[in-house]
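run.txt follows; it contains compact mmCIF, C-alpha atoms.
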# COMPACT_ATOMS: atom_id res chain seq x y z
CA MET A 698 -31.52 6.64 -23.48
CA PRO A 699 -30.19 3.12 -24.27
CA ALA A 700 -26.95 4.72 -25.43
CA THR A 701 -26.30 6.12 -21.96
CA GLN A 702 -27.44 2.95 -20.25
CA VAL A 703 -24.90 0.68 -21.92
CA PRO A 704 -21.73 2.13 -20.38
CA THR A 705 -23.16 2.27 -16.86
CA HIS A 706 -24.26 -1.32 -17.20
CA GLN A 707 -20.80 -2.34 -18.38
CA SER A 708 -18.94 -0.51 -15.68
CA HIS A 709 -21.16 -2.09 -13.08
CA GLU A 710 -20.67 -5.61 -14.35
CA PHE A 711 -17.06 -5.60 -15.48
CA THR A 712 -15.22 -3.47 -12.94
CA PRO A 713 -16.47 -4.29 -9.49
CA GLN A 714 -14.38 -2.21 -7.10
CA PRO A 715 -12.62 -4.18 -4.42
CA TRP A 716 -13.66 -2.46 -1.22
CA ARG A 717 -15.76 0.35 -2.59
CA ASP A 718 -15.16 2.12 0.67
CA ARG A 719 -11.65 3.40 0.05
CA ARG A 720 -11.54 4.75 3.60
CA LEU A 721 -11.11 1.22 4.90
CA GLU A 722 -8.03 0.73 2.72
CA ARG A 723 -6.56 3.94 4.05
CA ILE A 724 -7.19 2.86 7.65
CA LEU A 725 -5.60 -0.51 6.89
CA GLY A 726 -2.59 1.19 5.32
CA ASN A 727 -2.09 3.34 8.41
CA LEU A 728 -2.52 0.38 10.76
CA LEU A 729 0.13 -1.54 8.84
CA ARG A 730 2.51 1.39 8.99
CA ILE A 731 2.02 1.82 12.75
CA GLY A 732 2.47 -1.93 13.37
CA VAL A 733 5.67 -2.03 11.36
CA LEU A 734 7.06 1.10 13.03
CA ILE A 735 6.33 -0.26 16.53
CA SER A 736 8.09 -3.55 15.77
CA ALA A 737 11.03 -1.68 14.20
CA ALA A 738 11.33 0.57 17.26
CA ILE A 739 11.39 -2.45 19.59
CA VAL A 740 14.00 -4.25 17.46
CA LEU A 741 16.12 -1.09 17.21
CA SER A 742 16.14 -0.50 20.97
CA GLY A 743 16.96 -4.17 21.60
CA GLY A 744 19.68 -3.93 18.96
CA CYS A 745 21.26 -0.92 20.69
CA VAL A 746 21.48 -2.82 23.99
CA TYR A 747 22.90 -5.88 22.22
CA ILE A 748 25.51 -3.92 20.25
CA TYR A 749 26.50 -1.87 23.32
CA ARG A 750 27.24 -5.06 25.26
CA HIS A 751 28.69 -7.30 22.52
CA ALA A 752 30.11 -4.99 19.82
CA HIS A 753 33.67 -6.32 19.94
CA GLU A 754 32.97 -10.02 20.28
CA PRO A 755 33.49 -12.11 17.14
CA ALA A 756 30.38 -12.79 15.01
CA ASP A 757 30.08 -16.55 14.71
CA TYR A 758 27.22 -18.10 12.78
CA HIS A 759 29.29 -20.80 11.11
CA VAL A 760 28.01 -23.62 13.30
CA PHE A 761 24.31 -24.05 13.98
CA ARG A 762 23.62 -24.39 17.69
CA GLY A 763 19.95 -23.45 17.70
CA GLU A 764 18.66 -20.65 19.87
CA PRO A 765 18.26 -21.19 23.63
CA SER A 766 14.67 -21.61 24.79
CA ASP A 767 14.60 -17.93 25.93
CA PHE A 768 14.50 -16.95 22.26
CA ARG A 769 12.33 -19.77 20.95
CA THR A 770 9.03 -19.49 22.80
CA ILE A 771 6.72 -16.58 23.60
CA PRO A 772 6.95 -17.01 27.42
CA GLY A 773 10.74 -17.31 27.10
CA VAL A 774 10.95 -14.10 25.09
CA PHE A 775 8.85 -12.20 27.65
CA GLN A 776 11.01 -13.57 30.47
CA SER A 777 14.22 -12.37 28.83
CA VAL A 778 12.70 -8.93 28.13
CA MET A 779 11.89 -8.70 31.86
CA ASN A 780 15.51 -9.54 32.61
CA GLY A 781 16.56 -6.55 30.49
CA ARG A 782 18.17 -8.57 27.69
CA GLY A 783 18.67 -6.83 24.35
CA ARG A 784 18.23 -9.97 22.29
CA GLY A 785 14.96 -10.75 24.09
CA LEU A 786 13.72 -7.33 23.02
CA ILE A 787 14.76 -8.04 19.41
CA GLN A 788 12.78 -11.31 19.43
CA LEU A 789 9.76 -9.46 20.84
CA GLY A 790 9.94 -6.97 17.96
CA LEU A 791 10.20 -9.86 15.49
CA LEU A 792 7.06 -11.43 17.02
CA PHE A 793 5.25 -8.12 16.41
CA LEU A 794 6.50 -8.15 12.82
CA ILE A 795 5.28 -11.72 12.25
CA ALA A 796 1.89 -10.68 13.64
CA THR A 797 1.38 -7.86 11.09
CA PRO A 798 0.39 -10.07 8.10
CA ILE A 799 -1.87 -12.10 10.40
CA VAL A 800 -3.60 -8.93 11.68
CA ARG A 801 -3.91 -7.75 8.09
CA VAL A 802 -5.74 -10.93 7.10
CA ALA A 803 -8.02 -10.59 10.15
CA PHE A 804 -8.88 -6.99 9.21
CA SER A 805 -9.62 -8.07 5.64
CA ILE A 806 -12.37 -10.31 7.03
CA VAL A 807 -13.92 -7.25 8.68
CA GLY A 808 -13.65 -5.35 5.39
CA PHE A 809 -15.41 -8.08 3.42
CA ALA A 810 -18.07 -8.42 6.12
CA ILE A 811 -18.84 -4.68 5.87
CA GLU A 812 -19.22 -5.20 2.13
CA ARG A 813 -21.49 -8.19 2.80
CA ASP A 814 -19.29 -10.33 0.58
CA ARG A 815 -19.94 -13.73 2.15
CA LEU A 816 -17.78 -15.68 -0.28
CA TYR A 817 -14.68 -13.67 0.58
CA VAL A 818 -15.40 -13.67 4.29
CA MET A 819 -15.25 -17.46 3.96
CA PHE A 820 -12.09 -17.47 1.83
CA THR A 821 -10.28 -15.10 4.17
CA ALA A 822 -11.45 -16.90 7.31
CA PHE A 823 -10.07 -20.13 5.85
CA VAL A 824 -6.66 -18.50 5.30
CA LEU A 825 -6.71 -17.07 8.83
CA VAL A 826 -7.54 -20.45 10.38
CA ILE A 827 -4.61 -22.10 8.56
CA LEU A 828 -2.33 -19.23 9.64
CA LEU A 829 -3.35 -19.42 13.29
CA TYR A 830 -3.17 -23.22 13.23
CA SER A 831 0.43 -23.23 11.97
CA PHE A 832 1.42 -20.34 14.23
CA LEU A 833 -0.08 -21.69 17.45
CA GLY A 834 0.61 -25.34 16.66
CA SER A 835 4.32 -24.73 16.11
CA GLY A 836 5.37 -25.10 19.74
CA LEU A 837 5.96 -21.36 20.00
CA THR A 838 3.45 -20.79 22.76
CA PHE A 839 4.87 -23.18 25.34
CA MET B 938 34.82 -10.11 12.11
CA THR B 939 33.36 -8.38 15.15
CA ILE B 940 29.64 -8.23 15.80
CA LEU B 941 29.61 -4.47 15.15
CA VAL B 942 31.15 -4.78 11.66
CA PHE B 943 29.03 -7.82 10.84
CA THR B 944 25.85 -5.97 11.85
CA VAL B 945 26.65 -2.94 9.70
CA VAL B 946 27.54 -5.00 6.60
CA VAL B 947 24.45 -7.23 6.93
CA ALA B 948 22.24 -4.15 7.40
CA ILE B 949 23.53 -2.59 4.16
CA ALA B 950 23.07 -5.85 2.22
CA SER B 951 19.56 -6.16 3.68
CA LEU B 952 18.71 -2.66 2.52
CA VAL B 953 19.51 -3.72 -1.05
CA ALA B 954 17.58 -6.98 -0.55
CA GLY B 955 14.49 -5.13 0.71
CA PHE B 956 14.69 -2.62 -2.12
CA LEU B 957 14.82 -5.32 -4.84
CA GLY B 958 12.33 -7.51 -2.99
CA SER B 959 9.64 -4.84 -2.81
CA LEU B 960 10.16 -3.80 -6.44
CA THR B 961 9.84 -7.35 -7.77
CA GLY B 962 7.36 -8.94 -5.33
CA LEU B 963 9.89 -11.68 -4.57
CA GLY B 964 10.97 -10.84 -1.02
CA GLY B 965 14.58 -10.41 0.03
CA GLY B 966 15.67 -14.06 0.28
CA VAL B 967 17.05 -14.16 -3.27
CA VAL B 968 19.81 -11.72 -2.30
CA LEU B 969 20.24 -12.55 1.38
CA VAL B 970 20.53 -16.34 1.52
CA PRO B 971 23.46 -16.73 -0.92
CA LEU B 972 25.17 -13.67 0.56
CA LEU B 973 24.97 -14.96 4.12
CA THR B 974 25.90 -18.55 3.31
CA VAL B 975 28.59 -18.00 0.65
CA PHE B 976 30.32 -14.82 1.85
CA PHE B 977 29.74 -14.91 5.61
CA HIS B 978 29.69 -18.72 5.99
CA VAL B 979 26.49 -18.50 8.02
CA ASP B 980 24.88 -21.89 8.61
CA ILE B 981 21.99 -22.46 6.18
CA ARG B 982 19.46 -22.80 9.00
CA TYR B 983 20.30 -19.36 10.42
CA ALA B 984 20.19 -18.01 6.86
CA ILE B 985 16.71 -19.50 6.30
CA GLY B 986 15.51 -17.90 9.54
CA ALA B 987 16.94 -14.52 8.50
CA SER B 988 15.44 -14.90 5.02
CA LEU B 989 12.02 -15.56 6.52
CA VAL B 990 12.30 -12.41 8.63
CA SER B 991 13.35 -10.47 5.52
CA VAL B 992 10.34 -11.70 3.53
CA ILE B 993 7.87 -10.56 6.21
CA ALA B 994 9.70 -7.24 6.64
CA THR B 995 9.66 -6.62 2.86
CA SER B 996 5.99 -7.49 2.66
CA SER B 997 4.90 -5.36 5.61
CA GLY B 998 7.28 -2.49 4.87
CA ALA B 999 5.98 -2.01 1.33
CA ALA B 1000 2.36 -2.94 2.06
CA ALA B 1001 1.27 0.38 3.56
CA ALA B 1002 2.15 2.27 0.36
CA TYR B 1003 0.69 -0.37 -1.97
CA VAL B 1004 -2.59 -0.64 -0.06
CA LYS B 1005 -3.05 3.14 0.12
CA GLU B 1006 -2.36 3.67 -3.57
CA GLY B 1007 -4.68 0.81 -4.53
CA PHE B 1008 -2.19 -1.43 -6.37
CA SER B 1009 -2.52 -4.73 -4.52
CA ASN B 1010 -5.77 -6.62 -5.06
CA ILE B 1011 -6.90 -8.18 -1.76
CA ARG B 1012 -9.49 -10.44 -3.44
CA ILE B 1013 -6.93 -11.97 -5.79
CA ALA B 1014 -4.53 -12.37 -2.87
CA MET B 1015 -7.03 -14.12 -0.60
CA PHE B 1016 -8.45 -16.36 -3.31
CA LEU B 1017 -4.98 -17.50 -4.38
CA GLU B 1018 -3.68 -17.72 -0.81
CA ILE B 1019 -6.05 -20.67 -0.30
CA ALA B 1020 -4.20 -22.57 -3.01
CA THR B 1021 -0.80 -21.55 -1.63
CA THR B 1022 -1.49 -22.60 1.94
CA LEU B 1023 -2.95 -25.95 0.83
CA GLY B 1024 0.06 -26.45 -1.44
CA ALA B 1025 2.47 -25.65 1.38
CA LEU B 1026 0.85 -28.27 3.62
CA CYS B 1027 1.07 -30.80 0.79
CA GLY B 1028 4.67 -29.83 -0.02
CA ALA B 1029 5.87 -30.43 3.52
CA PHE B 1030 4.37 -33.92 3.25
CA LEU B 1031 5.80 -34.59 -0.24
CA ALA B 1032 9.29 -33.43 0.76
CA THR B 1033 10.07 -36.87 2.18
CA TRP B 1034 9.14 -38.59 -1.11
CA ILE B 1035 10.67 -36.35 -3.76
CA SER B 1036 14.33 -35.62 -4.39
CA THR B 1037 14.70 -31.91 -3.69
CA ASN B 1038 17.81 -31.83 -5.89
CA VAL B 1039 15.90 -32.92 -8.99
CA LEU B 1040 13.14 -30.50 -8.09
CA ALA B 1041 15.60 -27.61 -7.71
CA ILE B 1042 17.11 -28.37 -11.14
CA ILE B 1043 13.71 -28.47 -12.87
CA PHE B 1044 12.67 -25.28 -11.07
CA GLY B 1045 15.99 -23.63 -12.00
CA PHE B 1046 15.51 -24.27 -15.72
CA MET B 1047 11.90 -23.13 -15.46
CA LEU B 1048 13.06 -19.84 -13.94
CA LEU B 1049 15.66 -19.27 -16.66
CA TYR B 1050 12.91 -19.68 -19.25
CA SER B 1051 10.59 -17.39 -17.27
CA ALA B 1052 13.28 -14.73 -17.06
CA PHE B 1053 13.24 -14.70 -20.85
CA LEU B 1054 9.42 -14.66 -21.06
CA SER B 1055 8.71 -11.99 -18.47
CA ARG B 1056 10.92 -9.38 -20.15
CA LYS B 1057 8.37 -8.84 -22.90
CA PRO B 1058 5.58 -6.33 -22.27
CA ARG B 1059 2.04 -7.39 -23.11
CA THR B 1060 0.50 -6.48 -26.43
CA ASP B 1061 -2.59 -4.27 -26.64
CA ALA B 1062 -4.62 -7.27 -27.83
CA GLN B 1063 -3.66 -9.18 -24.66
CA ARG B 1064 -4.56 -6.17 -22.52
CA SER B 1065 -8.08 -5.80 -23.85
CA LEU B 1066 -9.33 -9.37 -23.56
CA PRO B 1067 -13.00 -9.74 -22.55
CA PRO B 1068 -13.69 -10.62 -18.93
CA ASP B 1069 -13.53 -14.27 -17.96
CA PRO B 1070 -16.90 -15.48 -16.50
CA LEU B 1071 -15.25 -17.20 -13.54
CA ALA B 1072 -13.10 -14.15 -12.72
CA THR B 1073 -16.21 -11.97 -12.88
CA ARG B 1074 -18.13 -14.29 -10.56
CA LEU B 1075 -15.23 -14.27 -8.10
CA ARG B 1076 -15.01 -10.47 -8.49
CA LEU B 1077 -11.29 -10.64 -9.20
CA ASN B 1078 -11.27 -7.90 -11.87
CA GLY B 1079 -10.26 -4.47 -10.64
CA THR B 1080 -8.53 -1.18 -11.31
CA PHE B 1081 -5.14 0.30 -10.51
CA PRO B 1082 -3.51 3.73 -10.90
CA ASP B 1083 -1.61 4.05 -14.18
CA LEU B 1084 -0.08 7.35 -15.31
CA GLY B 1085 -2.32 9.40 -13.05
CA ARG B 1086 -5.60 7.70 -13.90
CA LYS B 1087 -7.38 4.46 -13.11
CA ARG B 1088 -6.99 1.56 -15.50
CA SER B 1089 -9.25 -1.47 -15.25
CA TYR B 1090 -8.11 -5.01 -15.93
CA ASN B 1091 -9.72 -8.39 -16.52
CA VAL B 1092 -8.23 -11.47 -14.91
CA GLN B 1093 -7.85 -14.49 -17.22
CA HIS B 1094 -7.28 -18.27 -16.78
CA VAL B 1095 -8.36 -18.49 -13.14
CA PRO B 1096 -8.06 -22.31 -12.80
CA ALA B 1097 -4.52 -22.31 -14.27
CA GLY B 1098 -3.49 -19.53 -11.89
CA PHE B 1099 -5.01 -21.35 -8.93
CA GLY B 1100 -3.16 -24.55 -9.90
CA LEU B 1101 0.15 -22.70 -10.27
CA MET B 1102 -0.35 -21.11 -6.84
CA TYR B 1103 -0.86 -24.57 -5.40
CA GLY B 1104 2.47 -25.49 -7.01
CA ALA B 1105 4.08 -22.34 -5.59
CA GLY B 1106 2.97 -23.34 -2.11
CA ALA B 1107 4.20 -26.91 -2.57
CA LEU B 1108 7.57 -25.65 -3.85
CA SER B 1109 8.04 -23.33 -0.90
CA GLY B 1110 7.13 -26.20 1.40
CA MET B 1111 9.79 -28.42 -0.21
CA LEU B 1112 12.58 -25.99 -1.15
CA GLY B 1113 12.11 -23.25 1.43
CA ILE B 1114 12.53 -20.40 -1.06
CA GLY B 1115 11.35 -19.32 -4.49
CA SER B 1116 7.60 -19.20 -4.00
CA GLY B 1117 7.41 -15.44 -4.69
CA ALA B 1118 8.75 -16.03 -8.19
CA VAL B 1119 6.01 -18.55 -9.05
CA LYS B 1120 3.39 -16.20 -7.58
CA VAL B 1121 4.40 -13.25 -9.76
CA LEU B 1122 4.78 -15.45 -12.84
CA ALA B 1123 1.40 -17.13 -12.33
CA MET B 1124 -0.38 -13.78 -12.01
CA ASP B 1125 1.58 -12.01 -14.74
CA GLN B 1126 1.95 -14.75 -17.37
CA ALA B 1127 -1.02 -17.09 -16.77
CA MET B 1128 -3.70 -14.79 -15.35
CA GLN B 1129 -2.68 -11.76 -17.44
CA ILE B 1130 -2.85 -9.43 -14.44
CA PRO B 1131 -1.01 -6.08 -14.96
CA PHE B 1132 2.62 -6.35 -13.87
CA LYS B 1133 2.44 -3.82 -11.02
CA VAL B 1134 -0.70 -5.45 -9.63
CA SER B 1135 0.99 -8.87 -9.87
CA THR B 1136 4.15 -7.84 -8.00
CA THR B 1137 2.35 -5.84 -5.29
CA THR B 1138 -0.25 -8.58 -4.74
CA SER B 1139 2.57 -11.13 -4.55
CA ASN B 1140 4.23 -8.80 -2.04
CA PHE B 1141 1.16 -9.13 0.17
CA MET B 1142 0.93 -12.90 -0.29
CA ILE B 1143 4.57 -13.72 0.48
CA GLY B 1144 4.17 -12.05 3.89
CA VAL B 1145 1.13 -14.18 4.72
CA THR B 1146 2.82 -17.38 3.52
CA ALA B 1147 6.01 -16.58 5.45
CA ALA B 1148 4.05 -15.76 8.63
CA ALA B 1149 2.50 -19.22 8.41
CA SER B 1150 5.90 -20.89 8.62
CA ALA B 1151 7.61 -18.31 10.88
CA GLY B 1152 6.27 -19.90 14.04
CA VAL B 1153 7.79 -23.27 13.16
CA TYR B 1154 11.22 -21.81 12.36
CA LEU B 1155 11.24 -19.58 15.43
CA SER B 1156 10.39 -22.46 17.74
CA ARG B 1157 13.11 -24.61 16.14
CA GLY B 1158 15.68 -21.94 16.96
CA TYR B 1159 16.45 -20.83 13.36
CA VAL B 1160 15.74 -17.16 14.06
CA ASP B 1161 18.82 -15.61 15.70
CA PRO B 1162 18.20 -12.15 17.21
CA GLY B 1163 21.73 -10.87 16.55
CA LEU B 1164 21.46 -11.76 12.85
CA SER B 1165 17.78 -10.89 12.38
CA MET B 1166 18.11 -7.39 13.87
CA PRO B 1167 20.19 -5.81 11.05
CA VAL B 1168 18.27 -7.89 8.48
CA MET B 1169 14.88 -6.63 9.63
CA LEU B 1170 15.87 -2.97 9.99
CA GLY B 1171 17.80 -2.88 6.71
CA VAL B 1172 15.05 -4.64 4.77
CA LEU B 1173 12.36 -2.35 6.18
CA VAL B 1174 14.16 0.80 5.04
CA GLY B 1175 14.94 -0.78 1.66
CA SER B 1176 11.37 -1.94 1.06
CA MET B 1177 9.90 1.45 1.98
CA LEU B 1178 12.24 3.07 -0.56
CA GLY B 1179 11.39 0.40 -3.13
CA SER B 1180 7.65 0.89 -2.74
CA ARG B 1181 8.00 4.65 -3.38
CA ILE B 1182 9.95 3.88 -6.56
CA LEU B 1183 7.51 1.24 -7.85
CA ILE B 1184 4.55 3.62 -7.67
CA LYS B 1185 6.23 6.01 -10.10
CA ALA B 1186 8.37 3.59 -12.12
CA GLU B 1187 7.67 2.51 -15.67
CA THR B 1188 6.51 -1.09 -16.00
CA LYS B 1189 9.11 -1.68 -18.73
CA SER B 1190 12.04 -1.07 -16.40
CA LEU B 1191 10.39 -3.02 -13.57
CA ARG B 1192 10.11 -6.02 -15.91
CA ILE B 1193 13.83 -5.81 -16.71
CA ILE B 1194 14.77 -5.74 -13.00
CA PHE B 1195 12.38 -8.61 -12.32
CA SER B 1196 13.76 -10.81 -15.10
CA ALA B 1197 17.35 -10.12 -13.95
CA VAL B 1198 16.50 -11.18 -10.38
CA ILE B 1199 14.64 -14.25 -11.66
CA LEU B 1200 17.70 -15.17 -13.74
CA VAL B 1201 19.91 -15.02 -10.63
CA LEU B 1202 17.35 -17.08 -8.69
CA GLY B 1203 17.30 -19.68 -11.48
CA LEU B 1204 21.08 -19.99 -11.41
CA GLN B 1205 20.96 -20.33 -7.62
CA MET B 1206 18.43 -23.14 -7.96
CA LEU B 1207 20.61 -24.99 -10.47
CA TYR B 1208 23.62 -24.57 -8.17
CA LYS B 1209 21.55 -25.85 -5.27
CA GLY B 1210 20.34 -28.78 -7.35
CA PHE B 1211 23.76 -29.85 -8.65
CA TRP B 1212 25.89 -29.16 -5.56
CA GLY B 1213 23.30 -29.67 -2.87
CA LYS B 1214 23.50 -26.22 -1.27
CA ILE B 1215 22.28 -22.68 -1.83

Write-out of the structure in structure tokens:
Amino acid sequence: MPATQVPTHQSHEFTPQPWRDRRLERILGNLLRIGVLISAAIVLSGGCVYIYRHAHEPADYHVFRGEPSDFRTIPGVFQSVMNGRGRGLIQLGLLFLIATPIVRVAFSIVGFAIERDRLYVMFTAFVLVILLYSFLGSGLTF
Amino acid sequence: MTILVFTVVVAIASLVAGFLGSLTGLGGGVVLVPLLTVFFHVDIRYAIGASLVSVIATSSGAAAAYVKEGFSNIRIAMFLEIATTLGALCGAFLATWISTNVLAIIFGFMLLYSAFLSRKPRTDAQRSLPPDPLATRLRLNGTFPDLGRKRSYNVQHVPAGFGLMYGAGALSGMLGIGSGAVKVLAMDQAMQIPFKVSTTTSNFMIGVTAAASAGVYLSRGYVDPGLSMPVMLGVLVGSMLGSRILIKAETKSLRIIFSAVILVLGLQMLYKGFWGKI
């Protein structure tokens, strides 16, 4: 009997499975894929409008002018999407893209909570707070 | 050059950047920033904005495959991300006190040395080290798919890895690029984490770190839609291709690609340090 007990003891102590419920990882993988595809579709449609209107103008990024406020804040981006601007649509898609890692961190908290892993709920919540702080405190929202 | 031609060329270059970025865990900035600034004479601030977009696109594009297959270790990522975010906050503060040129030169030489180190595969003795008590308590040890079956690994030198991650965050706060390299090196060389787990976990982390600073750059007007559009779409396609390749690739060849990219990054850093630009 002890001979069979040793390996089970070892495998329990030395190889704790991150997220024993593999289903959660699969859901997370699909969510990520959907999020990325949505943002890519928005950027692509905005890009088509932009190229259709400006294809033959010269590309000039030599001098930094900074983007106009339409493309620098969330309300500005929404306003320019409403006005049917291609570049506004591109910025909206980019905002979706930037949100994907943040959503992923938020979902990880849920995953650790389901596992009742308090230490990692705390670690992940800390990372999320810093993320949200730097995202919302950047002047992007107004 | 018209916008149409520019868009097509940047999209192709971004595809390559995303491919290499997802294979190495470094993001696409290593390829994109010098290409945009040196060949297309794009202002460095627009290039930084585009590079940031490329890092998030690489990270998110490859993530779905890496999460599903069980390569990236979320616990390692979250534990180390604490050090990186704290380091980044500190780095932004230190940037006004330290000469970034000197820093870039030191970092450049460090990368050249790392390129040499990371080529070598680990020995069997290094692979079968006993578990570290701290890593076990933090539940960092895990498994990953290797040649059709699961292989378990034990994480070593947790405090050293945590400290290096703090440095990686500080560096990215001061220099703007290069944090992915320190992340992979810290996990691979210091913490003895299998190479594929190191690069895919770094791939997750660089997206989180970049998202933290994306808001600031977007609100400062660094992110140009006309430039970011081909970058994002090209990088996404490239990173999805890269992630398929990594799953099947041999670690030996991945190490060679990684050390080549690190070598280029090191030379870029030296150039930046001596001539004051990327």

Counting only C-alpha atoms, figure out which residue out of B:Arg1056, B:Lys1005, B:Arg1086, B:Arg1181 gets nearest to chain A. B:Lys1005

If you count only C-alpha atoms, which residues fall within 7 Å of B:Ala1052, apart from same-chain ones fewer than 2 positions away, as a PDB file with C-alpha atoms, in the frame of the given file?
ATOM      1  CA  LEU B1048      13.060 -19.840 -13.940  1.00  0.00           C
ATOM      2  CA  LEU B1049      15.660 -19.270 -16.660  1.00  0.00           C
ATOM      3  CA  TYR B1050      12.910 -19.680 -19.250  1.00  0.00           C
ATOM      4  CA  LEU B1054       9.420 -14.660 -21.060  1.00  0.00           C
ATOM      5  CA  SER B1055       8.710 -11.990 -18.470  1.00  0.00           C
ATOM      6  CA  ARG B1056      10.920  -9.380 -20.150  1.00  0.00           C
ATOM      7  CA  SER B1196      13.760 -10.810 -15.100  1.00  0.00           C
ATOM      8  CA  ALA B1197      17.350 -10.120 -13.950  1.00  0.00           C
ATOM      9  CA  ILE B1199      14.640 -14.250 -11.660  1.00  0.00           C
ATOM     10  CA  LEU B1200      17.700 -15.170 -13.740  1.00  0.00           C
TER      11      LEU B1200
END

Excluding B:Met938 and residues on its chain fewer than 5 positions from it, collect all residues at most 9 Å away from it, counting only C-alpha atoms, and give them as a list in words. His753, Glu754, Pro755, Ala756 and Asp757 of chain A; Phe943 of chain B

Using only C-alpha atoms, pick whichever of A:Val818, A:Tyr749, A:Leu789, A:Gly763 has the shortest atom-to-atom distance to chain B.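 Using only C-alpha atoms, the shortest distance to chain B belongs to A:Gly763.
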
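The smallest atom-to-atom distance between B:Pro1070 and any of B:Thr944, B:Gln1205, B:Thr1136, B:Asn1091, using all atoms listed in the file, is found for B:Asn1091.
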